[in-house]
Amino acid sequence: MKFFEEKRREVMKHIEKFMLEKMNEYLKPIDTIWQPSDFLPDASRDTFFSEIKELQESAKGLSYDLVAVLIGDTITEEALPTYESWLTMVEGVSDDEEGGWMKWTRHWTAEENRHGDLLNKYLYLTGRVDMRAMEVSTQYLIADGFDIGTGHDPYRNFIYTSFQELATNVSHRRVASQAKKAGDTLLSKMCGVIAGDEARHAKAYKYFIERTFEVDPNEAMLAFEDMMRKKIVMPAHFLREVGLKIGQTFGHFTDAAQRLGIYTAIDYVDILKELIADWHIASITDLKEDGEKARDYIMALPDRLLRVADRMKNPMLEYKFSWING
């Protein structure tokens, strides 16, 4: 076990220099990147109350399920302290408090922090949300933590973040599209810029794993197989409302997303296909026998998952969330 940990640390040190070279491409300068106040009504202006009224009128056109999905996405984004503490425990990240990987983690967290901040303020201003109920769910999600099956392994963690950043890009992009159709152009713009951040972050984590495959292909392949056998769980899989047990609300949240086509089983397969293509899984050499078997499993998995997805029925059971007024 110690040998594998040392090997992971060596690989993390190796790809750290590539990360630092690309950091300005994957993360934007703080002074120039968008901030939540760029999109929201300005309380210092005389037009503040008329802008809020306009915002609330536009938000009335959003469907119940879309508001529920938006709230779930917001709570997920606001559980950022969990994600930062998780990344700092990854092998090779916290070796040097002022090192490259800690710098990456802090700057990535700082960019992500804007997402929940923006969406929370928007939801508050709409008047459609029971903010206390939502805040309780957010506090629960942070307090309950999460178990995503990665342990302290950087390979599994970066495979997870590659997948997850792509998934959040899909979700925010689809919410943006449906908000625009419903007449809420402000929400559409907000979710659009958040989706752009997620796409950029996904590109970064995919790049880290691509470099990992170059220097430790067998172990990277085994890590990829392991994560796909476990299935990539969403970071909000412990989501709950007041009075409910851990995870009891998550299924209702994902049902709403599936009904609307915001994030579906097909999207899961499409993301897997993208990772297989971007990491050139089919053409990787220097694999041992277990690595070859792992690659065979990964290459066959999209078709297997598509057959399962084709048999899945769209969830029709509607659920009344405590988060939504009325």
# chains A, B, ... in the order shown; residues from 1 in each chain; ligands from 1

$ residues_around --residues "range 248-256 of chain A" --least-positions-apart "4" --cutoff "12 Å" --atoms "only C-alpha atoms" --output "count of residues only"
50

$ residues_around --residues "Met89 in chain A" --least-positions-apart "4" --cutoff "9 Å" --atoms "only C-alpha atoms" --output "PyMOL selection string"
chain A and resi 84-85+93-94+151-152

$ write_last_selection --atoms "N, CA and C atoms" --output "PDB file, in the first residue's frame"
ATOM      1  N   GLU A  84     -13.951  21.218  -0.786  1.00  0.00           N
ATOM      2  CA  GLU A  84     -12.588  21.715  -0.582  1.00  0.00           C
ATOM      3  C   GLU A  84     -11.846  20.845   0.436  1.00  0.00           C
ATOM      4  N   SER A  85     -12.516  20.514   1.538  1.00  0.00           N
ATOM      5  CA  SER A  85     -11.857  19.699   2.566  1.00  0.00           C
ATOM      6  C   SER A  85     -11.537  18.309   2.019  1.00  0.00           C
ATOM      7  N   VAL A  93      -1.759  16.342  -2.561  1.00  0.00           N
ATOM      8  CA  VAL A  93      -2.292  17.699  -2.659  1.00  0.00           C
ATOM      9  C   VAL A  93      -1.769  18.567  -1.519  1.00  0.00           C
ATOM     10  N   SER A  94      -1.879  18.073  -0.293  1.00  0.00           N
ATOM     11  CA  SER A  94      -1.547  18.896   0.876  1.00  0.00           C
ATOM     12  C   SER A  94      -0.116  18.673   1.376  1.00  0.00           C
ATOM     13  N   GLY A 151     -11.798   7.665  -1.855  1.00  0.00           N
ATOM     14  CA  GLY A 151     -10.768   7.634  -0.828  1.00  0.00           C
ATOM     15  C   GLY A 151      -9.819   8.808  -0.988  1.00  0.00           C
ATOM     16  N   HIS A 152      -8.536   8.593  -0.693  1.00  0.00           N
ATOM     17  CA  HIS A 152      -7.525   9.649  -0.822  1.00  0.00           C
ATOM     18  C   HIS A 152      -6.728   9.532  -2.118  1.00  0.00           C
TER      19      HIS A 152
END

$ residues_around --residues "Ile52 in chain A" --least-positions-apart "5" --cutoff "8 Å" --atoms "only C-alpha atoms" --output "list in words"
Pro41, Leu125 and Thr126 of chain A

$ closest_residue --among "A:Ile324, A:Ala204, A:Val136, A:Ala220" --to "Leu123 in chain A" --atoms "only C-alpha atoms"
A:Ile324

$ residues_around --residues "Gly99 in chain A" --least-positions-apart "2" --cutoff "12 Å" --atoms "only C-alpha atoms" --output "JSON, numbers by chain"
{"A": [12, 13, 16, 17, 19, 20, 88, 92, 93, 94, 95, 96, 97, 101, 102, 103, 104, 105, 106]}

$ closest_residue --among "A:Arg211, A:Lys60, A:Lys231, A:Arg9" --to "Gly149 in chain A" --atoms "only C-alpha atoms"
A:Lys231

$ atom_distance --atom1 "CA of Glu78 in chain A" --atom2 "CA of Leu118 in chain A"
10.1 Å

$ closest_residue --among "A:Met228, A:Ala176, A:Met221, A:Leu55" --to "Val269 in chain A" --atoms "only C-alpha atoms"
A:Met228

$ closest_residue --among "A:Asp130, A:Asp31, A:Glu198, A:Asp46" --to "Gly326 in chain A" --atoms "only C-alpha atoms"
A:Asp130

$ select_by_dssp --residues "range 253-315 of chain A" --states "helix (DSSP H, G or I)" --output "number ranges by chain"
A: 253-260, 265-278, 281-283, 289-311

$ residues_around --residues "Glu274 in chain A" --least-positions-apart "4" --cutoff "12 Å" --atoms "only C-alpha atoms" --output "NGL selection string"
:A and (162-163 or 166-167 or 202-203 or 206 or 267-270 or 278-281 or 299 or 302)

$ residues_around --residues "Leu287 in chain A" --least-positions-apart "3" --cutoff "6 Å" --atoms "only C-alpha atoms" --output "PyMOL selection string"
chain A and resi 218+291-292

$ closest_residue --among "A:Leu40, A:Ala79, A:Ile232, A:Leu306" --to "Leu119 in chain A" --atoms "only C-alpha atoms"
A:Leu40
